[in-house]
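Encoded as structure tokens, the structure appears first; notes follow it.
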Amino acid sequence: MPKLRVGVIYGGRSGEHEVSLLSAQSVIKALDEAKYTIIPIKIDQDGSWQGAPIQADPNGNPDIDVVFPVLHGPFGEDGTIQGLLELANLPYVGAGVAASAVAMDKAFMRILFTQAGLPLLPWDSFLHYEWKEHAPAIQERLEAALGYPMFVKPANLGSSVGISKVKSPADLEPAVHLALEYDRKLIVEQALIGAREVECSVLGHNKPQASVAGEIVPAHEFYDYKAKYHNEKSRLLIPAPLNDEQSAKIKDYAIRAFRAVDCSGMGRCDFFVDQQGEVFLNEINTIPGFTQISMYPKLWEHTGLPYSALLDRLIEIALEKHRERQSLRTSIS
């Protein structure tokens with residue numbers, strides 16, 4: 001059997017460029033060279049592409065069999081690269097265009113979660129121009145609906161970039177200005193005092209499965225970018241110290257969240273557990289961190305699926321999804 005040609009696309013134009021480099025390094029190292037010909041394709045921060053271009057033979061067949069996007073954040077996790085790959089008729093790992101777009105936008109994502117009956121914390125959202133024109137009214141609205149503390153986040157970003165925990169009225173404006181450096185749309189969420197941060201990985205296509213849950217004990221007050229990638233004092237507890245009811249809820253909610261956005265391949269669902277033990281869904285990440293120490297692969301490793309086998313399964317799902325799509329009619333004649 002000829003080896004599958006796997007194009008690993010990484011880097012990208014988002015604020016998560018450096019994280020993508022780390023994830024791709026781990027993926028490329030772990031892909032079995034006996035099964036795959038690995039074709040690294042890097043996108044620089046200015047948007048230029050480095051490495052082997054995707055080309056076609058005289059019959060129009062591409063020289064890559066499947067693409068593994070390892071692009072975190074905008075221009076990689078938001079449906080843009082997925083749309084390009086759809087146009088090229090290439091199989092690719094992970095969520096499709098619509099699922100990627102709505103899961104990237106934390107406001108749209110929450111609307112779908114609410115429709116699916118999933119438990120969320122109170123939240124609000126507004127645009128840059130609205131803050132410029134109506135900042136006092138928005139601040140009053142947030143204080144009435146959410147109270148302090150609250151989290152202010154860019155709506156379309158991951159890896160906890162641009163996020164602030166706002167504890168008083170004086171902290172709100174600087175937090176908004178920081179988040180607006182990364183996005184024109186913000187989301188503000190009620191913060192739970194003493195909440196635990198728990199994550200669950202989902203894998204599959206039509207019949208997704210959930211991993212064991214893991215708990216994050218951040219080195220900082222919350223699991224921000226530095227706590228995730230630059231502070232070894234942050235700890236991951238796998239499996240998370242939860243009772244059977246909480247574990248079952250988290251797995252159920254994770255699969256329902258995956259289906260609510262019509263995800264495929266992989267998704268990492270993040271939760272809060274309050275001091276009374278109640279579980280709240282925070283978000284789903286469609287291209288989670290993929291380093292050897294990232295929570296998504298570590299949860300599957302503890303569930304019985306090692307890192308390299310996880311990559312194999314994701315590629316299998318990508319090809320399965322592509323075959324399913326190719327079987328659809330594209331003409332009414």
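In the structure tokens, chains take letters A, B, ... by order of appearance, with residues numbered from 1 within each chain and ligands from 1 in the order shown.
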Under the rule of at most 12 Å, produce a per-residue listing of region 108-191 of chain A near region 64-79 of chain A: chain, number, name, the closest pair of atoms, and the distance in Å, as a tab-separated table, using only C-alpha atoms.
```
residue	atom	partner	partner_atom	distance
A:Met109	CA	A:Asp78	CA	11.9
A:Pro154	CA	A:Gly73	CA	11.1
A:Ala155	CA	A:Pro74	CA	10.6
A:Asn156	CA	A:Pro74	CA	6.8
A:Leu157	CA	A:Gly73	CA	5.2
A:Gly158	CA	A:Gly73	CA	5.7
A:Ser159	CA	A:Gly73	CA	8.2
A:Ser160	CA	A:Gly73	CA	10.6
A:Val161	CA	A:Gly73	CA	9.9
A:Tyr182	CA	A:Pro74	CA	10.0
A:Asp183	CA	A:Pro74	CA	9.8
```
Please produce a file of the residues just selected, as a PDB file, in the first residue's frame, where the atoms kept are N, CA and C atoms.
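So again09.pdb came out as:
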```pdb
ATOM      1  N   MET A 109     -21.657  30.667  19.217  1.00  0.00           N
ATOM      2  CA  MET A 109     -21.564  29.356  19.847  1.00  0.00           C
ATOM      3  C   MET A 109     -22.535  29.242  21.021  1.00  0.00           C
ATOM      4  N   PRO A 154     -12.031  38.546  23.874  1.00  0.00           N
ATOM      5  CA  PRO A 154     -12.312  38.674  22.433  1.00  0.00           C
ATOM      6  C   PRO A 154     -13.238  37.529  22.030  1.00  0.00           C
ATOM      7  N   ALA A 155     -14.220  37.794  21.192  1.00  0.00           N
ATOM      8  CA  ALA A 155     -15.172  36.751  20.818  1.00  0.00           C
ATOM      9  C   ALA A 155     -14.546  35.700  19.917  1.00  0.00           C
ATOM     10  N   ASN A 156     -13.538  36.082  19.136  1.00  0.00           N
ATOM     11  CA  ASN A 156     -12.978  35.177  18.130  1.00  0.00           C
ATOM     12  C   ASN A 156     -11.488  34.959  18.355  1.00  0.00           C
ATOM     13  N   LEU A 157     -11.152  34.328  19.453  1.00  0.00           N
ATOM     14  CA  LEU A 157      -9.758  34.019  19.738  1.00  0.00           C
ATOM     15  C   LEU A 157      -9.731  32.893  20.758  1.00  0.00           C
ATOM     16  N   GLY A 158      -8.580  32.221  20.861  1.00  0.00           N
ATOM     17  CA  GLY A 158      -8.441  31.135  21.819  1.00  0.00           C
ATOM     18  C   GLY A 158      -7.172  31.290  22.618  1.00  0.00           C
ATOM     19  N   SER A 159      -6.774  30.193  23.298  1.00  0.00           N
ATOM     20  CA  SER A 159      -5.569  30.156  24.124  1.00  0.00           C
ATOM     21  C   SER A 159      -5.551  31.253  25.184  1.00  0.00           C
ATOM     22  N   SER A 160      -6.734  31.734  25.569  1.00  0.00           N
ATOM     23  CA  SER A 160      -6.869  32.733  26.633  1.00  0.00           C
ATOM     24  C   SER A 160      -6.127  34.021  26.325  1.00  0.00           C
ATOM     25  N   VAL A 161      -5.924  34.319  25.044  1.00  0.00           N
ATOM     26  CA  VAL A 161      -5.273  35.565  24.635  1.00  0.00           C
ATOM     27  C   VAL A 161      -6.266  36.710  24.767  1.00  0.00           C
ATOM     28  N   TYR A 182      -7.646  42.613  19.807  1.00  0.00           N
ATOM     29  CA  TYR A 182      -7.651  41.329  19.100  1.00  0.00           C
ATOM     30  C   TYR A 182      -8.920  41.075  18.303  1.00  0.00           C
ATOM     31  N   ASP A 183     -10.005  41.771  18.602  1.00  0.00           N
ATOM     32  CA  ASP A 183     -11.264  41.498  17.918  1.00  0.00           C
ATOM     33  C   ASP A 183     -12.181  42.710  18.038  1.00  0.00           C
TER      34      ASP A 183
END
```
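Each of A:Trp300, A:Trp123, A:Tyr10, A:Phe113 was checked against Met150 (chain A) using only C-alpha atoms; the smallest atom-to-atom distance is that of A:Trp123.
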Show me, as a ChimeraX atom specification, the residues that have an atom within 12 Å of Phe258 (chain A) when counting only C-alpha atoms, minus same-chain residues fewer than 2 positions from it. /A:94-95,99-100,102-103,109,112-113,116,118,200-210,251-256,260-270,281,283-286
Identify all residues of region 102-265 of chain A in helix (DSSP H, G or I) (DSSP on the backbone) and supply them as a PyMOL selection string. chain A and resi 102-104+106-115+128-145+169-180+225-229+244-260
